[in-house]
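S.K.: For reference, this is target.pdb, and it has PDB, C-alpha atoms.
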```pdb
MODEL        1
ATOM      1  CA  MET A   1      18.709 -13.915   4.560
ATOM      2  CA  GLY A   2      18.533 -11.569   1.589
ATOM      3  CA  ALA A   3      21.232  -9.503  -0.052
ATOM      4  CA  ALA A   4      21.107  -6.952   2.734
ATOM      5  CA  GLY A   5      22.486  -9.528   5.139
ATOM      6  CA  ARG A   6      25.401 -10.427   2.801
ATOM      7  CA  SER A   7      26.476  -6.891   1.975
ATOM      8  CA  THR A   8      30.174  -6.069   1.901
ATOM      9  CA  ASP A   9      29.764  -2.498   0.669
ATOM     10  CA  GLY A  10      28.519  -0.937   3.890
ATOM     11  CA  THR A  11      24.820  -0.871   3.001
ATOM     12  CA  ALA A  12      23.774  -3.635   5.427
ATOM     13  CA  GLY A  13      24.065  -1.191   8.321
ATOM     14  CA  GLU A  14      21.309   0.922   6.757
ATOM     15  CA  ARG A  15      18.688  -1.813   7.163
ATOM     16  CA  ARG A  16      17.567  -0.798  10.656
ATOM     17  CA  GLN A  17      17.093   2.828   9.612
ATOM     18  CA  LEU A  18      15.208   1.821   6.465
ATOM     19  CA  MET A  19      12.887  -0.467   8.440
ATOM     20  CA  ASN A  20      12.128   2.366  10.867
ATOM     21  CA  VAL A  21      11.337   4.712   7.986
ATOM     22  CA  ALA A  22       9.196   2.147   6.159
ATOM     23  CA  TYR A  23       7.175   1.102   9.219
ATOM     24  CA  ARG A  24       6.278   4.696  10.054
ATOM     25  CA  LEU A  25       5.213   5.215   6.452
ATOM     26  CA  LEU A  26       3.241   1.972   6.074
ATOM     27  CA  GLY A  27       2.240   0.806   9.564
ATOM     28  CA  SER A  28       2.809  -2.808   8.481
ATOM     29  CA  LEU A  29       5.881  -4.877   9.322
ATOM     30  CA  ALA A  30       5.370  -7.237   6.379
ATOM     31  CA  GLU A  31       4.946  -4.404   3.876
ATOM     32  CA  SER A  32       7.927  -2.586   5.405
ATOM     33  CA  GLU A  33      10.118  -5.662   5.047
ATOM     34  CA  ASP A  34       9.042  -6.064   1.415
ATOM     35  CA  ALA A  35       9.778  -2.392   0.695
ATOM     36  CA  VAL A  36      13.246  -2.553   2.213
ATOM     37  CA  GLN A  37      14.062  -5.817   0.436
ATOM     38  CA  GLU A  38      12.946  -4.293  -2.866
ATOM     39  CA  ALA A  39      15.166  -1.250  -2.254
ATOM     40  CA  TYR A  40      18.168  -3.526  -1.671
ATOM     41  CA  ALA A  41      17.276  -5.562  -4.760
ATOM     42  CA  ARG A  42      17.354  -2.392  -6.848
ATOM     43  CA  TRP A  43      20.690  -1.422  -5.282
ATOM     44  CA  TYR A  44      22.296  -4.731  -6.217
ATOM     45  CA  ALA A  45      20.752  -4.578  -9.677
ATOM     46  CA  LEU A  46      22.900  -1.505 -10.377
ATOM     47  CA  PRO A  47      26.207  -2.107 -12.164
ATOM     48  CA  ARG A  48      29.103  -2.079  -9.702
ATOM     49  CA  SER A  49      30.529   0.996 -11.423
ATOM     50  CA  ARG A  50      27.256   2.876 -10.830
ATOM     51  CA  ARG A  51      27.185   1.873  -7.151
ATOM     52  CA  ASP A  52      30.745   3.107  -6.738
ATOM     53  CA  GLU A  53      29.667   6.510  -8.084
ATOM     54  CA  ILE A  54      26.985   6.970  -5.402
ATOM     55  CA  ALA A  55      28.506   9.032  -2.595
ATOM     56  CA  SER A  56      25.894   8.061   0.013
ATOM     57  CA  PRO A  57      24.389   4.580  -0.447
ATOM     58  CA  GLY A  58      22.244   5.159   2.652
ATOM     59  CA  ALA A  59      20.666   8.274   1.154
ATOM     60  CA  TRP A  60      20.100   6.425  -2.129
ATOM     61  CA  LEU A  61      18.431   3.507  -0.330
ATOM     62  CA  THR A  62      16.260   5.869   1.707
ATOM     63  CA  THR A  63      15.126   7.675  -1.437
ATOM     64  CA  VAL A  64      14.251   4.403  -3.162
ATOM     65  CA  THR A  65      12.527   3.030  -0.057
ATOM     66  CA  GLY A  66      10.501   6.244   0.174
ATOM     67  CA  ARG A  67       9.384   5.918  -3.443
ATOM     68  CA  ILE A  68       8.426   2.273  -2.953
ATOM     69  CA  CYS A  69       6.452   3.142   0.184
ATOM     70  CA  LEU A  70       4.703   5.953  -1.695
ATOM     71  CA  ASP A  71       3.544   3.441  -4.309
ATOM     72  CA  VAL A  72       2.441   0.990  -1.610
ATOM     73  CA  LEU A  73       0.463   3.697   0.184
ATOM     74  CA  GLY A  74      -1.277   4.547  -3.063
ATOM     75  CA  SER A  75      -2.545   0.993  -3.469
ATOM     76  CA  ALA A  76      -3.081   0.296   0.242
ATOM     77  CA  ARG A  77      -6.244   2.365   0.436
ATOM     78  CA  ALA A  78      -8.019   0.168  -2.095
ATOM     79  CA  ARG A  79      -6.841  -2.983  -0.285
ATOM     80  CA  ARG A  80      -7.990  -1.664   3.075
ATOM     81  CA  GLU A  81     -11.422  -0.881   1.685
ATOM     82  CA  ARG A  82     -11.744  -4.626   1.045
ATOM     83  CA  TYR A  83     -10.348  -5.501   4.482
ATOM     84  CA  VAL A  84     -12.845  -7.200   6.808
ATOM     85  CA  GLY A  85     -13.602  -4.746   9.611
ATOM     86  CA  ALA A  86     -11.300  -1.959  10.761
ATOM     87  CA  TRP A  87      -7.640  -1.961   9.699
ATOM     88  CA  LEU A  88      -5.108  -1.050  12.401
ATOM     89  CA  PRO A  89      -1.316  -0.738  12.185
ATOM     90  CA  ASP A  90       0.764  -3.684  13.354
ATOM     91  CA  PRO A  91       1.395  -3.456  17.115
ATOM     92  CA  LEU A  92       5.047  -3.515  18.172
ATOM     93  CA  PRO A  93       6.348  -5.392  21.231
ATOM     94  CA  ASP A  94       9.233  -4.206  23.372
ATOM     95  CA  HIS A  95      11.489  -7.256  23.309
ATOM     96  CA  ALA A  96      13.241  -6.112  26.481
ATOM     97  CA  GLU A  97      10.019  -6.987  28.331
ATOM     98  CA  TRP A  98       9.848 -10.475  26.847
ATOM     99  CA  ASN A  99      13.365 -11.839  26.451
ATOM    100  CA  HIS A 100      15.796  -9.317  27.916
ATOM    101  CA  GLY A 101      16.402  -7.507  24.666
ATOM    102  CA  HIS A 102      17.783 -10.457  22.678
ATOM    103  CA  GLY A 103      15.029 -10.559  20.051
ATOM    104  CA  THR A 104      15.926 -10.933  16.391
ATOM    105  CA  ASP A 105      12.484 -10.311  14.914
ATOM    106  CA  LEU A 106      11.787  -7.437  12.539
ATOM    107  CA  ALA A 107       9.927  -5.674  15.337
ATOM    108  CA  ASP A 108      13.113  -5.689  17.390
ATOM    109  CA  GLN A 109      14.675  -3.283  14.888
ATOM    110  CA  MET A 110      12.119  -0.594  15.662
ATOM    111  CA  VAL A 111      12.993   2.470  17.684
ATOM    112  CA  LEU A 112      10.036   2.860  20.053
ATOM    113  CA  ASP A 113       9.227   6.546  20.388
ATOM    114  CA  GLU A 114       6.182   8.800  20.080
ATOM    115  CA  SER A 115       6.238   8.486  16.281
ATOM    116  CA  VAL A 116       5.194   4.811  16.497
ATOM    117  CA  THR A 117       2.422   5.060  19.082
ATOM    118  CA  MET A 118      -0.852   3.595  17.856
ATOM    119  CA  ALA A 119      -2.548   6.978  18.263
ATOM    120  CA  PHE A 120       0.076   8.602  16.048
ATOM    121  CA  LEU A 121      -0.018   5.923  13.349
ATOM    122  CA  VAL A 122      -3.824   5.821  13.245
ATOM    123  CA  VAL A 123      -3.964   9.570  12.635
ATOM    124  CA  LEU A 124      -1.325   9.245   9.915
ATOM    125  CA  GLU A 125      -3.751   6.920   8.121
ATOM    126  CA  SER A 126      -5.983   9.950   7.534
ATOM    127  CA  THR A 127      -3.291  11.791   5.553
ATOM    128  CA  THR A 128      -2.627  11.425   1.848
ATOM    129  CA  PRO A 129       0.363   9.272   0.782
ATOM    130  CA  ALA A 130       2.337  12.371  -0.231
ATOM    131  CA  GLU A 131       1.525  14.155   3.046
ATOM    132  CA  ARG A 132       2.597  11.129   5.050
ATOM    133  CA  VAL A 133       5.915  10.762   3.244
ATOM    134  CA  ALA A 134       6.722  14.470   3.508
ATOM    135  CA  PHE A 135       5.775  14.662   7.184
ATOM    136  CA  VAL A 136       7.453  11.459   8.372
ATOM    137  CA  LEU A 137      10.704  12.031   6.513
ATOM    138  CA  HIS A 138      10.967  15.694   7.542
ATOM    139  CA  ASP A 139       9.452  15.890  11.013
ATOM    140  CA  VAL A 140      10.483  12.457  12.308
ATOM    141  CA  PHE A 141      13.733  11.755  10.458
ATOM    142  CA  ARG A 142      14.821  15.344   9.699
ATOM    143  CA  TYR A 143      15.351  14.849   5.991
ATOM    144  CA  PRO A 144      15.567  18.167   4.095
ATOM    145  CA  PHE A 145      12.718  19.061   1.792
ATOM    146  CA  ALA A 146      15.135  19.127  -1.151
ATOM    147  CA  GLU A 147      15.672  15.369  -0.742
ATOM    148  CA  ILE A 148      11.981  14.701  -0.087
ATOM    149  CA  ALA A 149      11.167  16.569  -3.295
ATOM    150  CA  ASP A 150      13.237  14.015  -5.198
ATOM    151  CA  ILE A 151      11.113  11.213  -3.723
ATOM    152  CA  LEU A 152       7.737  12.856  -4.326
ATOM    153  CA  GLY A 153       8.577  14.456  -7.659
ATOM    154  CA  ARG A 154       7.477  17.877  -6.386
ATOM    155  CA  THR A 155       9.164  21.120  -5.478
ATOM    156  CA  PRO A 156      10.653  21.588  -1.995
ATOM    157  CA  ALA A 157       8.062  24.313  -1.362
ATOM    158  CA  ALA A 158       5.232  21.936  -2.237
ATOM    159  CA  CYS A 159       6.704  19.256   0.055
ATOM    160  CA  LYS A 160       6.864  21.791   2.866
ATOM    161  CA  GLN A 161       3.153  22.472   2.428
ATOM    162  CA  LEU A 162       2.372  18.762   2.413
ATOM    163  CA  ALA A 163       4.239  18.274   5.683
ATOM    164  CA  ALA A 164       2.449  21.256   7.220
ATOM    165  CA  SER A 165      -0.937  19.831   6.256
ATOM    166  CA  ALA A 166      -0.093  16.470   7.856
ATOM    167  CA  ARG A 167       1.321  18.215  10.916
ATOM    168  CA  ARG A 168      -2.001  19.943  11.553
ATOM    169  CA  ARG A 169      -3.767  16.578  11.588
ATOM    170  CA  VAL A 170      -1.348  14.795  13.907
ATOM    171  CA  ARG A 171      -0.771  17.675  16.303
ATOM    172  CA  GLY A 172      -3.082  16.183  18.923
ATOM    173  CA  ALA A 173      -1.915  12.584  18.514
ATOM    174  CA  ARG A 174       1.140  12.781  20.758
ATOM    175  CA  ALA A 175       0.661  11.206  24.168
ATOM    176  CA  PRO A 176      -0.614  13.894  26.612
ATOM    177  CA  VAL A 177       0.323  11.894  29.730
ATOM    178  CA  THR A 178       3.536  10.421  31.063
ATOM    179  CA  ALA A 179       4.253   6.727  30.627
ATOM    180  CA  ALA A 180       3.896   6.284  34.385
ATOM    181  CA  GLY A 181       0.520   8.036  34.356
ATOM    182  CA  GLN A 182      -0.742   5.896  31.489
ATOM    183  CA  ALA A 183       0.622   2.734  33.124
ATOM    184  CA  ALA A 184      -1.410   3.445  36.273
ATOM    185  CA  VAL A 185      -4.629   3.868  34.305
ATOM    186  CA  VAL A 186      -3.959   0.739  32.227
ATOM    187  CA  ARG A 187      -3.262  -1.217  35.412
ATOM    188  CA  HIS A 188      -6.607  -0.123  36.862
ATOM    189  CA  VAL A 189      -8.334  -1.154  33.607
ATOM    190  CA  LYS A 190      -6.669  -4.567  33.842
ATOM    191  CA  GLU A 191      -7.798  -5.031  37.447
ATOM    192  CA  ALA A 192     -11.382  -3.950  36.702
ATOM    193  CA  TRP A 193     -11.484  -6.151  33.600
ATOM    194  CA  GLU A 194     -10.231  -9.175  35.532
ATOM    195  CA  ALA A 195     -12.823  -8.515  38.246
ATOM    196  CA  LYS A 196     -15.538  -8.061  35.584
ATOM    197  CA  ASP A 197     -16.414  -4.834  37.357
ATOM    198  CA  ILE A 198     -18.513  -2.843  34.873
ATOM    199  CA  ALA A 199     -18.914   0.127  37.208
ATOM    200  CA  ALA A 200     -15.150   0.415  37.722
ATOM    201  CA  LEU A 201     -14.543   0.172  33.970
ATOM    202  CA  VAL A 202     -17.119   2.863  33.252
ATOM    203  CA  ASP A 203     -15.357   5.103  35.754
ATOM    204  CA  LEU A 204     -12.026   4.553  33.984
ATOM    205  CA  LEU A 205     -13.410   5.127  30.485
ATOM    206  CA  ASP A 206     -14.268   8.531  29.094
ATOM    207  CA  PRO A 207     -18.022   8.749  28.336
ATOM    208  CA  ALA A 208     -17.136   9.413  24.683
ATOM    209  CA  ALA A 209     -14.480   6.677  24.487
ATOM    210  CA  VAL A 210     -14.161   4.639  21.293
ATOM    211  CA  MET A 211     -12.907   1.073  20.939
ATOM    212  CA  THR A 212     -11.721  -0.248  17.566
ATOM    213  CA  ALA A 213     -10.856  -3.903  16.948
ATOM    214  CA  ASP A 214      -8.913  -5.475  14.078
ATOM    215  CA  GLY A 215      -9.566  -9.163  13.462
ATOM    216  CA  GLY A 216      -8.963  -9.071   9.732
ATOM    217  CA  GLY A 217     -11.829 -11.498   9.197
ATOM    218  CA  MET A 218      -9.628 -14.248  10.650
ATOM    219  CA  VAL A 219     -10.903 -14.216  14.242
ATOM    220  CA  GLY A 220     -13.949 -12.840  15.992
ATOM    221  CA  ALA A 221     -13.932  -9.071  16.410
ATOM    222  CA  VAL A 222     -16.480  -6.278  16.221
ATOM    223  CA  LEU A 223     -16.532  -4.926  12.676
ATOM    224  CA  ARG A 224     -17.372  -1.356  13.678
ATOM    225  CA  PRO A 225     -15.988   0.832  16.468
ATOM    226  CA  ILE A 226     -17.834   0.660  19.794
ATOM    227  CA  GLU A 227     -18.711   4.116  21.076
ATOM    228  CA  SER A 228     -19.306   5.258  24.686
ATOM    229  CA  GLY A 229     -17.578   4.131  27.836
ATOM    230  CA  ALA A 230     -20.644   2.242  29.085
ATOM    231  CA  ARG A 231     -20.973   0.111  25.955
ATOM    232  CA  ILE A 232     -17.237  -0.606  25.892
ATOM    233  CA  ALA A 233     -17.296  -1.692  29.548
ATOM    234  CA  GLN A 234     -20.165  -4.079  28.868
ATOM    235  CA  TYR A 235     -18.373  -5.481  25.831
ATOM    236  CA  MET A 236     -15.132  -6.041  27.765
ATOM    237  CA  VAL A 237     -16.940  -7.948  30.508
ATOM    238  CA  ALA A 238     -18.812 -10.012  27.914
ATOM    239  CA  ILE A 239     -15.453 -10.976  26.372
ATOM    240  CA  ALA A 240     -14.149 -12.034  29.798
ATOM    241  CA  ASP A 241     -17.237 -14.180  30.330
ATOM    242  CA  LYS A 242     -16.756 -15.939  26.994
ATOM    243  CA  ALA A 243     -13.012 -16.553  27.430
ATOM    244  CA  PRO A 244     -12.312 -18.342  30.700
ATOM    245  CA  GLY A 245      -8.624 -18.644  31.454
ATOM    246  CA  LEU A 246      -7.781 -15.377  29.678
ATOM    247  CA  GLU A 247      -4.632 -13.874  31.206
ATOM    248  CA  LEU A 248      -3.938 -10.142  30.987
ATOM    249  CA  LEU A 249      -0.349  -8.897  30.965
ATOM    250  CA  GLU A 250       0.847  -5.318  31.274
ATOM    251  CA  ARG A 251       3.201  -4.782  28.358
ATOM    252  CA  SER A 252       4.529  -1.933  26.279
ATOM    253  CA  VAL A 253       2.664  -1.621  22.968
ATOM    254  CA  ASN A 254       4.392   0.598  20.413
ATOM    255  CA  GLY A 255       6.391   2.107  23.254
ATOM    256  CA  VAL A 256       3.346   2.968  25.401
ATOM    257  CA  PRO A 257       1.823   0.999  28.328
ATOM    258  CA  GLY A 258      -0.818  -1.423  27.058
ATOM    259  CA  LEU A 259      -2.289  -4.871  27.661
ATOM    260  CA  VAL A 260      -1.678  -8.277  26.112
ATOM    261  CA  ALA A 261      -4.325 -10.988  26.462
ATOM    262  CA  GLN A 262      -3.036 -14.560  26.492
ATOM    263  CA  ARG A 263      -4.876 -17.854  26.620
ATOM    264  CA  ALA A 264      -3.043 -21.119  27.231
ATOM    265  CA  GLY A 265       0.185 -19.212  26.595
ATOM    266  CA  ALA A 266      -0.878 -17.938  23.152
ATOM    267  CA  VAL A 267      -1.252 -14.204  22.501
ATOM    268  CA  MET A 268      -4.857 -13.521  21.488
ATOM    269  CA  THR A 269      -5.149  -9.731  21.616
ATOM    270  CA  VAL A 270      -2.838  -6.726  21.924
ATOM    271  CA  ALA A 271      -4.568  -3.585  23.193
ATOM    272  CA  SER A 272      -3.302  -0.026  22.930
ATOM    273  CA  PHE A 273      -4.775   2.856  24.897
ATOM    274  CA  GLU A 274      -5.020   6.609  24.635
ATOM    275  CA  VAL A 275      -5.384   8.284  28.026
ATOM    276  CA  THR A 276      -6.444  11.881  28.573
ATOM    277  CA  ASP A 277      -7.032  13.488  31.968
ATOM    278  CA  GLY A 278      -6.805  10.154  33.736
ATOM    279  CA  ARG A 279      -9.395   8.401  31.587
ATOM    280  CA  VAL A 280      -9.194   6.115  28.569
ATOM    281  CA  THR A 281     -10.436   7.864  25.440
ATOM    282  CA  ARG A 282      -9.419   5.304  22.788
ATOM    283  CA  ILE A 283      -8.750   1.571  22.744
ATOM    284  CA  TRP A 284      -7.233  -0.187  19.738
ATOM    285  CA  ALA A 285      -7.432  -3.983  19.987
ATOM    286  CA  VAL A 286      -5.470  -5.971  17.412
ATOM    287  CA  ARG A 287      -6.598  -9.616  17.104
ATOM    288  CA  ASN A 288      -5.538 -10.472  13.556
ATOM    289  CA  PRO A 289      -3.134 -13.418  14.064
ATOM    290  CA  GLU A 290      -0.943 -12.294  11.166
ATOM    291  CA  LYS A 291      -0.297  -9.013  12.965
ATOM    292  CA  LEU A 292       0.439 -10.791  16.249
ATOM    293  CA  ARG A 293       3.254 -13.002  14.961
ATOM    294  CA  PRO A 294       6.030 -10.858  16.502
ATOM    295  CA  TRP A 295       4.235 -11.111  19.851
ATOM    296  CA  MET A 296       3.953 -14.875  19.641
ATOM    297  CA  ARG A 297       7.658 -15.192  18.907
ATOM    298  CA  ALA A 298       8.541 -12.627  21.571
ATOM    299  CA  GLY A 299       6.451 -14.280  24.232
TER     300      GLY A 299
ENDMDL
END
```
As structure tokens, please, write out the structure in this file.

M.R.:
Amino acid sequence: MGAAGRSTDGTAGERRQLMNVAYRLLGSLAESEDAVQEAYARWYALPRSRRDEIASPGAWLTTVTGRICLDVLGSARARRERYVGAWLPDPLPDHAEWNHGHGTDLADQMVLDESVTMAFLVVLESTTPAERVAFVLHDVFRYPFAEIADILGRTPAACKQLAASARRRVRGARAPVTAAGQAAVVRHVKEAWEAKDIAALVDLLDPAAVMTADGGGMVGAVLRPIESGARIAQYMVAIADKAPGLELLERSVNGVPGLVAQRAGAVMTVASFEVTDGRVTRIWAVRNPEKLRPWMRAG
């Protein structure tokens, strides 16, 4: 365990909050962990006298983590352009569904709310790094613009405008149905998928539905989004035909009802859904094994 785990100055308790901030900014558990570790490294690199002068170590760590995440976001776009196929945020399991809430993985530190749904995080990917930082810190974590200005190196007024711009983009990304309503639709999708019933799947999918898969070039996955409910239904049945013994489990994905596909006990795919008016409008299927590590440990 790093310095954060050995802290005697009260900063160790900030780790959970910092991980929640970093994941919402980056969408990657590994990058979030690196950012938080770097923030702690910078804290412990300060002379003890300087640390004693800082009235709020948590605020200092948040500011530094925000700056690190801003730098990471700036370079992430170039890396994701080289990524094989579509890049999706890391899916988060709800450990209470797997091991009665006793998980110790990084994902177990996440607060699962509407600000970590796949729909929300995917839309955040369309914002600029500065917009994302301003919006997440202000609208999700209620940090004042004066503090955000210190992170972004801009005026509070400019940060307010950045947050407003991001807010306009994400306004429609919050789940429009209740968890129970989404769970019912996802359950029907699972049943139709297991039955290889194309007609039933088409009925459950919006005609303009879009399915995006993330294999990272490490496993088989469509490289471009599949558009239209009919084509998605055909693709899902084709997958079922090619993967005998595939088991579908109803599980929370980023705090929202989703599906986990297992084969011989190993998690192969984690699927998130967006449901509107009783029909699936978006499916995000994460198959990259590196992004599924928390699920393999949880399961």

S.K.: Give the padded box for range 188-206 of chain A as JSON: axis-aligned, covering all atoms listed in the file, 6 Å on each side, centre and edge lengths in Å to one decimal.

M.R.:
```
{"center_x": -12.8, "center_y": -0.3, "center_z": 33.7, "size_x": 24.3, "size_y": 29.7, "size_z": 21.2}
```

S.K.: If the PyMOL selection byres ((chain A and resi 226) around 12) were run on this exact file, what residues would it hold? Put them as number ranges by chain.

M.R.: A: 86, 207-213, 221-225, 227-236, 281-285

S.K.: Save the residues we just selected, C-alpha atoms, as a PDB file, in the coordinates of the input?

M.R.:
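This went into selection_2.pdb:
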```pdb
ATOM      1  CA  ALA A  86     -11.300  -1.959  10.761  1.00  0.00           C
ATOM      2  CA  PRO A 207     -18.022   8.749  28.336  1.00  0.00           C
ATOM      3  CA  ALA A 208     -17.136   9.413  24.683  1.00  0.00           C
ATOM      4  CA  ALA A 209     -14.480   6.677  24.487  1.00  0.00           C
ATOM      5  CA  VAL A 210     -14.161   4.639  21.293  1.00  0.00           C
ATOM      6  CA  MET A 211     -12.907   1.073  20.939  1.00  0.00           C
ATOM      7  CA  THR A 212     -11.721  -0.248  17.566  1.00  0.00           C
ATOM      8  CA  ALA A 213     -10.856  -3.903  16.948  1.00  0.00           C
ATOM      9  CA  ALA A 221     -13.932  -9.071  16.410  1.00  0.00           C
ATOM     10  CA  VAL A 222     -16.480  -6.278  16.221  1.00  0.00           C
ATOM     11  CA  LEU A 223     -16.532  -4.926  12.676  1.00  0.00           C
ATOM     12  CA  ARG A 224     -17.372  -1.356  13.678  1.00  0.00           C
ATOM     13  CA  PRO A 225     -15.988   0.832  16.468  1.00  0.00           C
ATOM     14  CA  GLU A 227     -18.711   4.116  21.076  1.00  0.00           C
ATOM     15  CA  SER A 228     -19.306   5.258  24.686  1.00  0.00           C
ATOM     16  CA  GLY A 229     -17.578   4.131  27.836  1.00  0.00           C
ATOM     17  CA  ALA A 230     -20.644   2.242  29.085  1.00  0.00           C
ATOM     18  CA  ARG A 231     -20.973   0.111  25.955  1.00  0.00           C
ATOM     19  CA  ILE A 232     -17.237  -0.606  25.892  1.00  0.00           C
ATOM     20  CA  ALA A 233     -17.296  -1.692  29.548  1.00  0.00           C
ATOM     21  CA  GLN A 234     -20.165  -4.079  28.868  1.00  0.00           C
ATOM     22  CA  TYR A 235     -18.373  -5.481  25.831  1.00  0.00           C
ATOM     23  CA  MET A 236     -15.132  -6.041  27.765  1.00  0.00           C
ATOM     24  CA  THR A 281     -10.436   7.864  25.440  1.00  0.00           C
ATOM     25  CA  ARG A 282      -9.419   5.304  22.788  1.00  0.00           C
ATOM     26  CA  ILE A 283      -8.750   1.571  22.744  1.00  0.00           C
ATOM     27  CA  TRP A 284      -7.233  -0.187  19.738  1.00  0.00           C
ATOM     28  CA  ALA A 285      -7.432  -3.983  19.987  1.00  0.00           C
TER      29      ALA A 285
END
```

S.K.: Rounded to one decimal in Å, what is the spacing between CA of Thr269 in chain A and CA of Arg287 in chain A?

M.R.: 4.7 Å

S.K.: The PyMOL selection byres ((chain A and resi 37) around 12) - which residues does that actually catch in the file I just gave you? List them as an mmCIF file with C-alpha atoms, keeping the file's coordinate frame.

M.R.:
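Saved file part-v2.cif follows:
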```
data_model
loop_
_atom_site.group_PDB
_atom_site.id
_atom_site.type_symbol
_atom_site.label_atom_id
_atom_site.label_comp_id
_atom_site.auth_asym_id
_atom_site.auth_seq_id
_atom_site.Cartn_x
_atom_site.Cartn_y
_atom_site.Cartn_z
ATOM 1 C CA MET A 1 18.709 -13.915 4.560
ATOM 2 C CA GLY A 2 18.533 -11.569 1.589
ATOM 3 C CA ALA A 3 21.232 -9.503 -0.052
ATOM 4 C CA ALA A 4 21.107 -6.952 2.734
ATOM 5 C CA GLY A 5 22.486 -9.528 5.139
ATOM 6 C CA ALA A 12 23.774 -3.635 5.427
ATOM 7 C CA GLU A 14 21.309 0.922 6.757
ATOM 8 C CA ARG A 15 18.688 -1.813 7.163
ATOM 9 C CA ARG A 16 17.567 -0.798 10.656
ATOM 10 C CA LEU A 18 15.208 1.821 6.465
ATOM 11 C CA MET A 19 12.887 -0.467 8.440
ATOM 12 C CA ALA A 22 9.196 2.147 6.159
ATOM 13 C CA ALA A 30 5.370 -7.237 6.379
ATOM 14 C CA GLU A 31 4.946 -4.404 3.876
ATOM 15 C CA SER A 32 7.927 -2.586 5.405
ATOM 16 C CA GLU A 33 10.118 -5.662 5.047
ATOM 17 C CA ASP A 34 9.042 -6.064 1.415
ATOM 18 C CA ALA A 35 9.778 -2.392 0.695
ATOM 19 C CA VAL A 36 13.246 -2.553 2.213
ATOM 20 C CA GLU A 38 12.946 -4.293 -2.866
ATOM 21 C CA ALA A 39 15.166 -1.250 -2.254
ATOM 22 C CA TYR A 40 18.168 -3.526 -1.671
ATOM 23 C CA ALA A 41 17.276 -5.562 -4.760
ATOM 24 C CA ARG A 42 17.354 -2.392 -6.848
ATOM 25 C CA TRP A 43 20.690 -1.422 -5.282
ATOM 26 C CA TYR A 44 22.296 -4.731 -6.217
ATOM 27 C CA LEU A 61 18.431 3.507 -0.330
ATOM 28 C CA THR A 62 16.260 5.869 1.707
ATOM 29 C CA VAL A 64 14.251 4.403 -3.162
ATOM 30 C CA THR A 65 12.527 3.030 -0.057
ATOM 31 C CA ILE A 68 8.426 2.273 -2.953
ATOM 32 C CA CYS A 69 6.452 3.142 0.184
#
```

S.K.: Can you spell out as a list in words the set of residues that the PyMOL selection byres ((chain A and resi 142-153) around 10) selects in the structure I just provided?

M.R.: Ala59, Thr62, Thr63, Val64, Thr65, Gly66, Arg67, Ile68, Leu70, Pro129, Ala130, Glu131, Val133, Ala134, Phe135, Val136, Leu137, His138, Asp139, Val140, Phe141, Arg154, Thr155, Pro156, Ala157, Ala158, Cys159, Lys160 and Ala163 of chain A

S.K.: Would you write out those residues with C-alpha atoms, as a PDB file, in the frame of the given file?

M.R.:
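Now in selection.pdb:
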```pdb
ATOM      1  CA  ALA A  59      20.666   8.274   1.154  1.00  0.00           C
ATOM      2  CA  THR A  62      16.260   5.869   1.707  1.00  0.00           C
ATOM      3  CA  THR A  63      15.126   7.675  -1.437  1.00  0.00           C
ATOM      4  CA  VAL A  64      14.251   4.403  -3.162  1.00  0.00           C
ATOM      5  CA  THR A  65      12.527   3.030  -0.057  1.00  0.00           C
ATOM      6  CA  GLY A  66      10.501   6.244   0.174  1.00  0.00           C
ATOM      7  CA  ARG A  67       9.384   5.918  -3.443  1.00  0.00           C
ATOM      8  CA  ILE A  68       8.426   2.273  -2.953  1.00  0.00           C
ATOM      9  CA  LEU A  70       4.703   5.953  -1.695  1.00  0.00           C
ATOM     10  CA  PRO A 129       0.363   9.272   0.782  1.00  0.00           C
ATOM     11  CA  ALA A 130       2.337  12.371  -0.231  1.00  0.00           C
ATOM     12  CA  GLU A 131       1.525  14.155   3.046  1.00  0.00           C
ATOM     13  CA  VAL A 133       5.915  10.762   3.244  1.00  0.00           C
ATOM     14  CA  ALA A 134       6.722  14.470   3.508  1.00  0.00           C
ATOM     15  CA  PHE A 135       5.775  14.662   7.184  1.00  0.00           C
ATOM     16  CA  VAL A 136       7.453  11.459   8.372  1.00  0.00           C
ATOM     17  CA  LEU A 137      10.704  12.031   6.513  1.00  0.00           C
ATOM     18  CA  HIS A 138      10.967  15.694   7.542  1.00  0.00           C
ATOM     19  CA  ASP A 139       9.452  15.890  11.013  1.00  0.00           C
ATOM     20  CA  VAL A 140      10.483  12.457  12.308  1.00  0.00           C
ATOM     21  CA  PHE A 141      13.733  11.755  10.458  1.00  0.00           C
ATOM     22  CA  ARG A 154       7.477  17.877  -6.386  1.00  0.00           C
ATOM     23  CA  THR A 155       9.164  21.120  -5.478  1.00  0.00           C
ATOM     24  CA  PRO A 156      10.653  21.588  -1.995  1.00  0.00           C
ATOM     25  CA  ALA A 157       8.062  24.313  -1.362  1.00  0.00           C
ATOM     26  CA  ALA A 158       5.232  21.936  -2.237  1.00  0.00           C
ATOM     27  CA  CYS A 159       6.704  19.256   0.055  1.00  0.00           C
ATOM     28  CA  LYS A 160       6.864  21.791   2.866  1.00  0.00           C
ATOM     29  CA  ALA A 163       4.239  18.274   5.683  1.00  0.00           C
TER      30      ALA A 163
END
```

S.K.: Enter the distance from CA of Lys196 in chain A to CA of Ala238 in chain A, in Å, rounded to one decimal.

M.R.: 8.6 Å

S.K.: From the list A:Met110, A:Leu124, A:Ala164, A:Val275, which residue is nearest Gln17 in chain A when using only C-alpha atoms?

M.R.: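 Closest candidate: A:Met110.
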
S.K.: Between CA of Leu201 in chain A and CA of Gly255 in chain A, measure the distance and give it in Å to one decimal.

M.R.: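 Between CA of Leu201 in chain A and CA of Gly255 in chain A the gap is 23.6 Å.
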
S.K.: Can you list, as a PyMOL selection string, every protein, DNA or RNA residue that comes within 10 Å of Gly181 in chain A when you count all atoms listed in the file, leaving out same-chain residues fewer than 5 positions away?

M.R.: chain A and resi 176+186+257+275-278
